[in-house]
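Inspection log for the structure reproduced underneath, given as structure tokens.
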Amino acid sequence: MKKIFIDGSEGTTGLRIFERFEKRDDIELLKIPSELRKDPAEIRKYINASDVTFLCLPDAAAREAVTYVENEDVILIDTSTAHRTEAGWAYGYPELSPAHREAIKNGKRIAVPGCHATGFITLVYPLIAGGMMPKDYPVSSFSLTGYSGGGKKMIAEYESAERDAELVSPRQYGLSQMHKHLKEMKAVTGLERNPLFSPIVADYYSGMLVSVPLYADLLCGNPSPEDVHKLYADHFAGEKFIRVMPLGAEAGTRSFLGSNNCSGWDGIQIYVTGNEQRILVSSRFDNLGKGASGAAVQCLNLVLGCDEAKGLNL
């Protein structure tokens, strides 16, 4: 049995990871006493006693936790923003390419993608890797998310009996165009410029819908929606976590795409809609699933050499 420690097990992501391990018989959870969970000496002890430690912490705390490692065999899986574009850290999205999957399998430092970044990279990485989107394409994107993505403080704000009336309405944020996920969105896809990115938080717990609008004549070869759909289907062929939805599938929901439909599910759906001139590609998933704790557990499964979907809901 592998010994697993979750540093930050009382946060939203840490709790969801913990819940996914409760019924597993192939791991032993190392549980730090609640009163010692912020004690550096105790954290150091638990990290070095583990085979794998999950860092479910703010960025600064995650960077500090890395310095506690003395046991060279310890594997770190970091869910924060801190190391997603750092040299020596595998980017925890195995479906992007065989090289990504191998880096996770063989890595000792793994950075789990951000939730908005997961949806965006799912859509843009294959377009660039497949030669359909130029690297200098002026990409824009909007993303709808449930309030759980904001952590405990935002969850409490939305679930308060005395909450502000404005929380009933979806709210756009990241207005300065300096969202913390932009760095990985650019670096991982290979874009030459940051995308124009507009995240929106709405009054539901979890689920995410990320969309990228495309002008066909600005893409290489002026592709049709059918061409774009085939590119995604080919790129993600055989991937159990990713479902490229049939063209026209949105008709089954009267051409509406809800953003909370995948709540509680650990996969991700891709939709291709639009027309011959303007194509809209969208990804739909759970921001707490494939967008956070589900992706972290998938990375662990790869490290352990077991079924990638073990303990996950597909």
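Residue numbering restarts at 1 in every chain; chains get A, B, ... in the order shown in the structure tokens, and ligands count up from 1 in that same order.
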
Quick one: residues within 8 Å of segment 191-204 of chain A, only C-alpha atoms counted, chain neighbours fewer than 2 positions away excluded, as a PDB file with N, CA and C atoms, in the first residue's frame?
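Output (part-v1.pdb):
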```pdb
ATOM      1  N   HIS A 116     -10.277  26.639 -15.207  1.00  0.00           N
ATOM      2  CA  HIS A 116     -10.516  27.369 -16.455  1.00  0.00           C
ATOM      3  C   HIS A 116      -9.506  26.942 -17.516  1.00  0.00           C
ATOM      4  N   LYS A 135      -0.227  29.988 -34.285  1.00  0.00           N
ATOM      5  CA  LYS A 135       0.141  30.317 -32.918  1.00  0.00           C
ATOM      6  C   LYS A 135      -0.106  31.787 -32.582  1.00  0.00           C
ATOM      7  N   ASP A 136      -0.220  32.639 -33.619  1.00  0.00           N
ATOM      8  CA  ASP A 136      -0.482  34.056 -33.364  1.00  0.00           C
ATOM      9  C   ASP A 136      -1.961  34.401 -33.495  1.00  0.00           C
ATOM     10  N   TYR A 137      -2.831  33.379 -33.533  1.00  0.00           N
ATOM     11  CA  TYR A 137      -4.275  33.622 -33.640  1.00  0.00           C
ATOM     12  C   TYR A 137      -4.736  34.446 -32.433  1.00  0.00           C
ATOM     13  N   PRO A 138      -5.559  35.487 -32.656  1.00  0.00           N
ATOM     14  CA  PRO A 138      -6.059  36.310 -31.543  1.00  0.00           C
ATOM     15  C   PRO A 138      -7.204  35.601 -30.817  1.00  0.00           C
ATOM     16  N   VAL A 139      -6.875  34.733 -29.890  1.00  0.00           N
ATOM     17  CA  VAL A 139      -7.863  33.885 -29.234  1.00  0.00           C
ATOM     18  C   VAL A 139      -8.614  34.646 -28.150  1.00  0.00           C
ATOM     19  N   SER A 140      -9.921  34.456 -28.100  1.00  0.00           N
ATOM     20  CA  SER A 140     -10.729  34.941 -26.986  1.00  0.00           C
ATOM     21  C   SER A 140     -11.508  33.755 -26.420  1.00  0.00           C
ATOM     22  N   SER A 141     -11.918  33.889 -25.175  1.00  0.00           N
ATOM     23  CA  SER A 141     -12.632  32.790 -24.526  1.00  0.00           C
ATOM     24  C   SER A 141     -13.456  33.330 -23.376  1.00  0.00           C
ATOM     25  N   PHE A 142     -14.608  32.688 -23.134  1.00  0.00           N
ATOM     26  CA  PHE A 142     -15.352  32.985 -21.913  1.00  0.00           C
ATOM     27  C   PHE A 142     -15.641  31.674 -21.197  1.00  0.00           C
ATOM     28  N   SER A 143     -15.795  31.766 -19.888  1.00  0.00           N
ATOM     29  CA  SER A 143     -15.917  30.567 -19.073  1.00  0.00           C
ATOM     30  C   SER A 143     -16.933  30.789 -17.968  1.00  0.00           C
ATOM     31  N   LEU A 144     -17.937  29.919 -17.897  1.00  0.00           N
ATOM     32  CA  LEU A 144     -18.952  29.961 -16.848  1.00  0.00           C
ATOM     33  C   LEU A 144     -18.609  28.929 -15.780  1.00  0.00           C
ATOM     34  N   THR A 145     -18.609  29.334 -14.514  1.00  0.00           N
ATOM     35  CA  THR A 145     -18.255  28.403 -13.447  1.00  0.00           C
ATOM     36  C   THR A 145     -19.190  28.542 -12.254  1.00  0.00           C
ATOM     37  N   GLY A 146     -19.351  27.442 -11.528  1.00  0.00           N
ATOM     38  CA  GLY A 146     -20.063  27.488 -10.265  1.00  0.00           C
ATOM     39  C   GLY A 146     -19.203  28.129  -9.190  1.00  0.00           C
ATOM     40  N   TYR A 147     -19.839  28.546  -8.114  1.00  0.00           N
ATOM     41  CA  TYR A 147     -19.126  29.323  -7.095  1.00  0.00           C
ATOM     42  C   TYR A 147     -18.139  28.517  -6.264  1.00  0.00           C
ATOM     43  N   TYR A 158     -21.861  32.718  -1.051  1.00  0.00           N
ATOM     44  CA  TYR A 158     -23.030  32.360  -1.845  1.00  0.00           C
ATOM     45  C   TYR A 158     -24.075  31.595  -1.031  1.00  0.00           C
ATOM     46  N   LEU A 167     -25.818  38.389  -5.956  1.00  0.00           N
ATOM     47  CA  LEU A 167     -25.267  37.061  -6.202  1.00  0.00           C
ATOM     48  C   LEU A 167     -26.229  36.166  -6.979  1.00  0.00           C
ATOM     49  N   VAL A 168     -27.462  36.581  -7.105  1.00  0.00           N
ATOM     50  CA  VAL A 168     -28.423  35.830  -7.925  1.00  0.00           C
ATOM     51  C   VAL A 168     -28.013  35.900  -9.397  1.00  0.00           C
ATOM     52  N   SER A 169     -27.393  36.992  -9.782  1.00  0.00           N
ATOM     53  CA  SER A 169     -27.018  37.208 -11.179  1.00  0.00           C
ATOM     54  C   SER A 169     -25.606  36.698 -11.448  1.00  0.00           C
ATOM     55  N   PRO A 170     -25.352  36.111 -12.638  1.00  0.00           N
ATOM     56  CA  PRO A 170     -23.973  35.771 -13.009  1.00  0.00           C
ATOM     57  C   PRO A 170     -23.100  37.017 -12.973  1.00  0.00           C
ATOM     58  N   ARG A 171     -21.844  36.853 -12.528  1.00  0.00           N
ATOM     59  CA  ARG A 171     -20.934  37.994 -12.382  1.00  0.00           C
ATOM     60  C   ARG A 171     -19.633  37.733 -13.139  1.00  0.00           C
ATOM     61  N   GLN A 172     -19.288  38.657 -14.007  1.00  0.00           N
ATOM     62  CA  GLN A 172     -18.017  38.565 -14.726  1.00  0.00           C
ATOM     63  C   GLN A 172     -16.903  39.080 -13.825  1.00  0.00           C
ATOM     64  N   TYR A 173     -15.742  38.452 -13.899  1.00  0.00           N
ATOM     65  CA  TYR A 173     -14.596  38.927 -13.118  1.00  0.00           C
ATOM     66  C   TYR A 173     -13.335  38.790 -13.965  1.00  0.00           C
ATOM     67  N   GLY A 174     -12.171  38.941 -13.361  1.00  0.00           N
ATOM     68  CA  GLY A 174     -10.938  38.936 -14.141  1.00  0.00           C
ATOM     69  C   GLY A 174     -10.899  40.094 -15.120  1.00  0.00           C
ATOM     70  N   LEU A 175     -11.487  41.214 -14.735  1.00  0.00           N
ATOM     71  CA  LEU A 175     -11.675  42.337 -15.661  1.00  0.00           C
ATOM     72  C   LEU A 175     -10.365  42.996 -16.070  1.00  0.00           C
ATOM     73  N   GLN A 177      -7.836  41.473 -17.097  1.00  0.00           N
ATOM     74  CA  GLN A 177      -7.182  40.558 -18.033  1.00  0.00           C
ATOM     75  C   GLN A 177      -5.843  40.057 -17.491  1.00  0.00           C
ATOM     76  N   HIS A 179      -5.907  37.250 -15.183  1.00  0.00           N
ATOM     77  CA  HIS A 179      -6.310  36.042 -14.458  1.00  0.00           C
ATOM     78  C   HIS A 179      -5.112  35.108 -14.280  1.00  0.00           C
ATOM     79  N   LEU A 182      -3.925  32.484 -16.986  1.00  0.00           N
ATOM     80  CA  LEU A 182      -3.482  32.890 -18.320  1.00  0.00           C
ATOM     81  C   LEU A 182      -2.089  32.372 -18.653  1.00  0.00           C
ATOM     82  N   LYS A 183      -1.221  32.329 -17.670  1.00  0.00           N
ATOM     83  CA  LYS A 183       0.164  31.915 -17.919  1.00  0.00           C
ATOM     84  C   LYS A 183       0.220  30.499 -18.459  1.00  0.00           C
ATOM     85  N   MET A 185      -2.360  28.833 -19.764  1.00  0.00           N
ATOM     86  CA  MET A 185      -3.159  28.765 -20.985  1.00  0.00           C
ATOM     87  C   MET A 185      -2.312  29.105 -22.206  1.00  0.00           C
ATOM     88  N   LYS A 186      -1.442  30.071 -22.052  1.00  0.00           N
ATOM     89  CA  LYS A 186      -0.544  30.452 -23.152  1.00  0.00           C
ATOM     90  C   LYS A 186       0.588  29.450 -23.308  1.00  0.00           C
ATOM     91  N   ALA A 187       1.252  29.118 -22.200  1.00  0.00           N
ATOM     92  CA  ALA A 187       2.457  28.290 -22.266  1.00  0.00           C
ATOM     93  C   ALA A 187       2.170  26.875 -22.755  1.00  0.00           C
ATOM     94  N   THR A 189      -0.443  25.645 -24.493  1.00  0.00           N
ATOM     95  CA  THR A 189      -0.972  25.538 -25.852  1.00  0.00           C
ATOM     96  C   THR A 189       0.055  25.949 -26.905  1.00  0.00           C
ATOM     97  N   SER A 206     -21.321  23.687  -8.628  1.00  0.00           N
ATOM     98  CA  SER A 206     -20.175  23.252  -9.431  1.00  0.00           C
ATOM     99  C   SER A 206     -20.583  22.919 -10.852  1.00  0.00           C
ATOM    100  N   ASN A 260     -23.820  23.432 -15.633  1.00  0.00           N
ATOM    101  CA  ASN A 260     -23.726  22.579 -14.440  1.00  0.00           C
ATOM    102  C   ASN A 260     -24.113  21.125 -14.715  1.00  0.00           C
TER     103      ASN A 260
END
```

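Those residues of segment 83-181 of chain A that DSSP, working from the backbone, places in strand (DSSP E or B) are Ala90, Tyr91, Arg109, Ile110, Ala111, Ser140, Ser141, Phe142, Ser143, Leu144, Thr145, Gly146, Arg171 and Gln172 of chain A.
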
Write the selection just made, keeping N, CA and C atoms, as a CSV table (one decimal), in the first residue's frame?
```csv
chain,number,residue,atom,x,y,z
A,90,ALA,N,5.9,18.1,-14.3
A,90,ALA,CA,5.0,17.6,-15.4
A,90,ALA,C,3.7,18.3,-15.3
A,91,TYR,N,3.1,18.6,-16.5
A,91,TYR,CA,1.8,19.2,-16.5
A,91,TYR,C,0.7,18.1,-16.5
A,109,ARG,N,7.4,15.4,-9.7
A,109,ARG,CA,6.8,16.7,-9.5
A,109,ARG,C,5.8,16.9,-10.5
A,110,ILE,N,4.5,16.9,-10.1
A,110,ILE,CA,3.4,17.0,-11.1
A,110,ILE,C,2.5,18.2,-10.7
A,111,ALA,N,2.2,19.0,-11.6
A,111,ALA,CA,1.3,20.2,-11.4
A,111,ALA,C,-0.1,19.9,-12.0
A,140,SER,N,-9.9,34.5,-28.1
A,140,SER,CA,-10.7,34.9,-27.0
A,140,SER,C,-11.5,33.8,-26.4
A,141,SER,N,-11.9,33.9,-25.2
A,141,SER,CA,-12.6,32.8,-24.5
A,141,SER,C,-13.5,33.3,-23.4
A,142,PHE,N,-14.6,32.7,-23.1
A,142,PHE,CA,-15.4,33.0,-21.9
A,142,PHE,C,-15.6,31.7,-21.2
A,143,SER,N,-15.8,31.8,-19.9
A,143,SER,CA,-15.9,30.6,-19.1
A,143,SER,C,-16.9,30.8,-18.0
A,144,LEU,N,-17.9,29.9,-17.9
A,144,LEU,CA,-19.0,30.0,-16.8
A,144,LEU,C,-18.6,28.9,-15.8
A,145,THR,N,-18.6,29.3,-14.5
A,145,THR,CA,-18.3,28.4,-13.4
A,145,THR,C,-19.2,28.5,-12.3
A,146,GLY,N,-19.4,27.4,-11.5
A,146,GLY,CA,-20.1,27.5,-10.3
A,146,GLY,C,-19.2,28.1,-9.2
A,171,ARG,N,-21.8,36.9,-12.5
A,171,ARG,CA,-20.9,38.0,-12.4
A,171,ARG,C,-19.6,37.7,-13.1
A,172,GLN,N,-19.3,38.7,-14.0
A,172,GLN,CA,-18.0,38.6,-14.7
A,172,GLN,C,-16.9,39.1,-13.8
```

Could I get the residues of segment 120-176 of chain A with an atom no further than 8 Å from an atom of segment 271-285 of chain A, each paired with its nearest atom pair and that distance in Å to one decimal, using only C-alpha atoms, sorted by chain and residue number, as a Markdown table?
```
| residue | atom | partner | partner_atom | distance |
| --- | --- | --- | --- | --- |
| A:Phe120 | CA | A:Ser283 | CA | 7.6 |
| A:Thr122 | CA | A:Ser283 | CA | 7.2 |
| A:Leu123 | CA | A:Val281 | CA | 6.8 |
```

Point to revise | Counting only C-alpha atoms, the option among A:Asp266, A:Glu166, A:Glu86, A:Glu22 closest to Val188 of chain A | key: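 Between A:Asp266, A:Glu166, A:Glu86, A:Glu22, the residue approaching Val188 of chain A most closely is A:Glu86.
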
Review point. Contacts of Lys240 of chain A at 9 Å or less, counting only C-alpha atoms, minus same-chain residues fewer than 4 places along, as an MDAnalysis selection string?
Key: chainID A and resid 236 267 308:309 314

Point to revise | Selected residue of minimal separation from Ile77 of chain A among A:Glu239, A:Asp39, A:Asp51, A:Glu95, counting only C-alpha atoms | key: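 So, comparing all the options, the nearest one is A:Asp51.
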